Amino acid sequence: MADTYHWWQQGVVYQVYPRSFQDSNGDGIGDLPGITARLDYLVGLGVDAVWISPFYPSPMADFGYDISDYCDVDPMFGTLADFDALLDAAHLRGLRVILDFVPDHTSDQHPWFLESRASRDNPKRDWYLWRDPAPGGGVPNNWISNFGGPAWEWDAATGQYYLHSFAREQPDLNWRHPAVQDAMFGAMRFWLDRGVDGFRIDVIHGILKDAQWRDNPPNPDWRPGMDPYQAQQQIYSRNRPESHAIIAQMRAVIDRYPDRVMIGEVYAPNPELMRYYGEELEEAHLPFNFQLIRMPWGGRLVREAVDAYEAALPPGGWPNWVLGNHDRPRLATRVGRAQARVGALLLLTLRGTPTWYYGDELGMENVAIPPDLVQDPWEKGVPGIGLGRDPVRTPMQWDAGPGAGFTTGTPWLPLAPDYQTHNVAVADADPASMLRFVRAVLALRRAQPALTVGSYRSLDAGNAHVFAYLREAAGTRLLVVLNLSDDAQLCALPDPGGTATILLSTHGDRAGTAALSALTLRPAEGLLLQCDATLLTRPEC
């Protein structure tokens with residue numbers, strides 16, 4: 001059965017933020033040779049693919065998301081030869097490699113933009129989004145930059161504004177221009193020809209803007225103290241219907257190479273998110289599903305969200321789940337370290353492809369960054385309301401040494417204050433650690449087709465704090481029961497007299513069988529059980 005599925009449907013993706021994973025040369029910044037040196041750790045963890053955040057040449061105004069050359073490696077991270085060595089080493093170990101691709105904008109130091117701003121009649125002028133001032137002067141419309149302030153920057157030399165959806169050093173490309181499309185598709189082919197296994201497409205929902213440049217309407221739910229970017233409904237600057245044709249063209253480029261994957265970063269609710277699969281599944285294989293990152297933590301709420309997402313999927317659309325990334329607070333900070341284990345069991349047993357953020361397997365938490373060490377342009381542009389992403393990008397905690405095993409130099413961001421007790425070396429030696437637990441879940445996932453490609457059905461556990469669901473394939477029925485509260489909970493699954501075998505517990509000390517009609521879960525406990533195929537079959541389950 002599993003043979004009929006693609007690797008990206010059965011596998012687990014592990015995100016590496018390269019600045020923070022492993023430094024190989026002592027400059028305090030992670031690099032590509034450092035990632036290569038740690039590939040065996042990823043194999044031992046049990047993941048199937050590594051997604052690497054940008055390492056292209058960049059002035060680093062947004063730490064690599066402001067790209068000045070799409071077809072090379074920034075010397076900070078190594079060389080093209082280092083990348084090829086990483087790719088070969090990963091493939092030798094059976095690991096796939098997914099790259100970040102950033103199509104919405106370039107760096108203002110990219111040669112394309114330097115030409116574009118040179119004069120109004122430069123051949124590359126229309127590669128970017130230039131506009132005259134509004135009648136009477138001022139910015140062309142009311143659009144807001146994601147990093148604070150207007151999304152328009154005045155260029156005195158040519159007497160026009162250019163659009164930047166993020167920092168002013170990140171001018172937006174004009175994706176309606178055929179030459180821009182050709183150049184960007186060529187950059188994708190450059191990496192596909194080298195053998196990469198796919199792309200995570202950054203801000204895929206933002207590549208086209210309203211052709212009439214209409215003002216965004218206000219968001220009636222916004223209040224002072226919230227992210228200023230949310231003060232508007234971004235209906236004209238993002239999620240434009242005409243963008244789907246461009247996304248389908250990106251997918252067509254990828255589909256010319258066998259067995260590659262396209263993942264799209266889309267912050268959108270259902271059913272808008274589902275449009276990024278395409279009407280004929282011709283767009284992203286996996287439009288990122290961020291619901292679990294953004295929603296409150298609770299059994300009934302999570303069950304309702306999962307069921308609604310499953311119901312909204314287009315026929316043939318493959319689900320995916322995310323609990324952490326380089327832009328959002330860490331899992332253990334959001335829900336606590338005990339509940340982080342429950343979250344791990346949830347993420348790795350739901351139907352679909354999970355993406356795991358580096359260090360979450362250790363229970364890494366956000367790290368407070370002193371004001372004089374803040375790096376993130378988002379925090380600098382909108383200070384004081386907790387939007388900064390530095391706290392979730394701190395160095396990987398490998399051991400208790402002076403640089404946490406990450407570097408022999410001074411790390412680019414501060415280490416976590418507890419890194420000497422929460423690190424890979426300590427966790428590896430502790431049978432009760434979260435690292436050992438995640439490895440165990442991943443091993444079961446790899447061994448059980450029910451957890452990779454099996455069906456999903458949620459159950460009524462008779463308790464709003466408990467989320468229970470079945471995964472089933474090839475005659476094997478697995479039951480996941482999760483207590484998303486910090487108190488003990490009793491759940492009563494509607495199958496009196498039935499028992500199931502405990503395969504794994506978040507607490508690591510529970511074995512044998514459990515009665516399904518009166519199952520007691522300790523605080524923040526999750527169980528994975530195997531049931532007889534005749535149990536839990538009634539529709540009201």
# chains A, B, ... in the order shown; residues from 1 in each chain; ligands from 1
>>> select_by_dssp(residues="region 238-300 of chain A", states="strand (DSSP E)", output="PDB file with N, CA and C atoms, in the first residue's frame")
ATOM      1  N   VAL A 261       9.088  17.796  -4.789  1.00  0.00           N
ATOM      2  CA  VAL A 261       7.946  18.317  -4.038  1.00  0.00           C
ATOM      3  C   VAL A 261       7.955  19.836  -4.051  1.00  0.00           C
ATOM      4  N   MET A 262       6.756  20.418  -4.034  1.00  0.00           N
ATOM      5  CA  MET A 262       6.584  21.868  -3.936  1.00  0.00           C
ATOM      6  C   MET A 262       5.698  22.160  -2.727  1.00  0.00           C
ATOM      7  N   ILE A 263       6.278  22.885  -1.773  1.00  0.00           N
ATOM      8  CA  ILE A 263       5.589  23.271  -0.548  1.00  0.00           C
ATOM      9  C   ILE A 263       5.392  24.779  -0.589  1.00  0.00           C
ATOM     10  N   GLY A 264       4.193  25.249  -0.295  1.00  0.00           N
ATOM     11  CA  GLY A 264       3.911  26.674  -0.373  1.00  0.00           C
ATOM     12  C   GLY A 264       3.644  27.278   0.990  1.00  0.00           C
ATOM     13  N   LEU A 286       1.878  20.688  -1.212  1.00  0.00           N
ATOM     14  CA  LEU A 286       1.572  20.898   0.202  1.00  0.00           C
ATOM     15  C   LEU A 286       1.507  22.397   0.499  1.00  0.00           C
ATOM     16  N   PRO A 287       0.332  23.018   0.434  1.00  0.00           N
ATOM     17  CA  PRO A 287       0.221  24.385   0.970  1.00  0.00           C
ATOM     18  C   PRO A 287       0.304  24.305   2.495  1.00  0.00           C
TER      19      PRO A 287
END
>>> residues_around(residues="Arg125 (chain A)", least_positions_apart="2", cutoff="10 Å", atoms="only C-alpha atoms", output="PyMOL selection string")
chain A and resi 112-123+127-130+174
>>> residues_around(residues="Ser237 (chain A)", least_positions_apart="4", cutoff="9 Å", atoms="only C-alpha atoms", output="MDAnalysis selection string")
chainID A and resid 143 165 206:210 213:216
>>> select_by_dssp(residues="region 185-429 of chain A", states="helix (DSSP H, G or I)", output="MDAnalysis selection string")
chainID A and resid 185:194 204:206 228:231 243:255 272:277 291:294 299:312 331:335 337:349 360:362 371:373 377:381 390:392 424:428
>>> residues_around(residues="Ala81 (chain A)", least_positions_apart="6", cutoff="12 Å", atoms="only C-alpha atoms", output="number ranges by chain")
A: 32-33, 72-75, 87-88, 194
>>> closest_atom_pairs(of="region 28-136 of chain A", to="region 175-189 of chain A", cutoff="8 Å", atoms="only C-alpha atoms", output="JSON lines")
{"residue": "A:Tyr70", "atom": "CA", "partner": "A:Ala187", "partner_atom": "CA", "distance": 6.0}
{"residue": "A:Cys71", "atom": "CA", "partner": "A:Ala187", "partner_atom": "CA", "distance": 6.2}
{"residue": "A:Phe101", "atom": "CA", "partner": "A:Met188", "partner_atom": "CA", "distance": 7.9}
{"residue": "A:Pro103", "atom": "CA", "partner": "A:Met184", "partner_atom": "CA", "distance": 7.2}
{"residue": "A:Asp126", "atom": "CA", "partner": "A:His177", "partner_atom": "CA", "distance": 7.2}
{"residue": "A:Trp127", "atom": "CA", "partner": "A:Val180", "partner_atom": "CA", "distance": 6.1}
>>> write_last_selection(atoms="N, CA, C and O atoms", output="PDB file, in the first residue's frame")
ATOM      1  N   TYR A  70      20.317  34.272  -6.857  1.00  0.00           N
ATOM      2  CA  TYR A  70      19.552  33.048  -6.602  1.00  0.00           C
ATOM      3  C   TYR A  70      20.326  31.774  -6.931  1.00  0.00           C
ATOM      4  O   TYR A  70      19.844  30.674  -6.633  1.00  0.00           O
ATOM      5  N   CYS A  71      21.495  31.906  -7.546  1.00  0.00           N
ATOM      6  CA  CYS A  71      22.191  30.724  -8.063  1.00  0.00           C
ATOM      7  C   CYS A  71      23.589  30.579  -7.488  1.00  0.00           C
ATOM      8  O   CYS A  71      24.532  30.196  -8.189  1.00  0.00           O
ATOM      9  N   PHE A 101      12.830  28.840  -1.505  1.00  0.00           N
ATOM     10  CA  PHE A 101      12.853  29.675  -2.698  1.00  0.00           C
ATOM     11  C   PHE A 101      12.011  30.906  -2.406  1.00  0.00           C
ATOM     12  O   PHE A 101      10.880  30.785  -1.917  1.00  0.00           O
ATOM     13  N   PRO A 103      10.354  33.987  -4.044  1.00  0.00           N
ATOM     14  CA  PRO A 103       9.994  34.633  -5.304  1.00  0.00           C
ATOM     15  C   PRO A 103       9.362  36.015  -5.172  1.00  0.00           C
ATOM     16  O   PRO A 103       9.280  36.748  -6.157  1.00  0.00           O
ATOM     17  N   ASP A 126      10.690  47.628 -15.274  1.00  0.00           N
ATOM     18  CA  ASP A 126       9.403  46.985 -14.985  1.00  0.00           C
ATOM     19  C   ASP A 126       9.547  45.593 -14.375  1.00  0.00           C
ATOM     20  O   ASP A 126       8.552  44.893 -14.219  1.00  0.00           O
ATOM     21  N   TRP A 127      10.757  45.204 -14.007  1.00  0.00           N
ATOM     22  CA  TRP A 127      10.923  43.953 -13.269  1.00  0.00           C
ATOM     23  C   TRP A 127      10.455  44.114 -11.816  1.00  0.00           C
ATOM     24  O   TRP A 127      10.255  43.132 -11.120  1.00  0.00           O
TER      25      TRP A 127
END
>>> atom_distance(atom1="CA of Gln230 (chain A)", atom2="CA of Met60 (chain A)")
25.3 Å
>>> closest_atom_pairs(of="region 429-519 of chain A", to="region 45-54 of chain A", cutoff="10 Å", atoms="only C-alpha atoms", output="CSV")
residue,atom,partner,partner_atom,distance
A:Leu435,CA,A:Leu45,CA,8.2
A:Arg436,CA,A:Leu45,CA,8.6
A:Val438,CA,A:Leu45,CA,7.6
A:Arg439,CA,A:Leu45,CA,5.2
A:Ala440,CA,A:Leu45,CA,8.8
A:Val441,CA,A:Gly46,CA,9.1
A:Leu442,CA,A:Gly46,CA,5.7
A:Ala443,CA,A:Gly46,CA,6.5
A:Leu444,CA,A:Gly46,CA,9.9
A:Arg445,CA,A:Gly46,CA,9.3
A:Arg446,CA,A:Gly46,CA,8.0
>>> closest_residue(among="A:Asp430, A:Gly384, A:Val335, A:Arg393", to="Asp486 (chain A)", atoms="only C-alpha atoms")
A:Val335
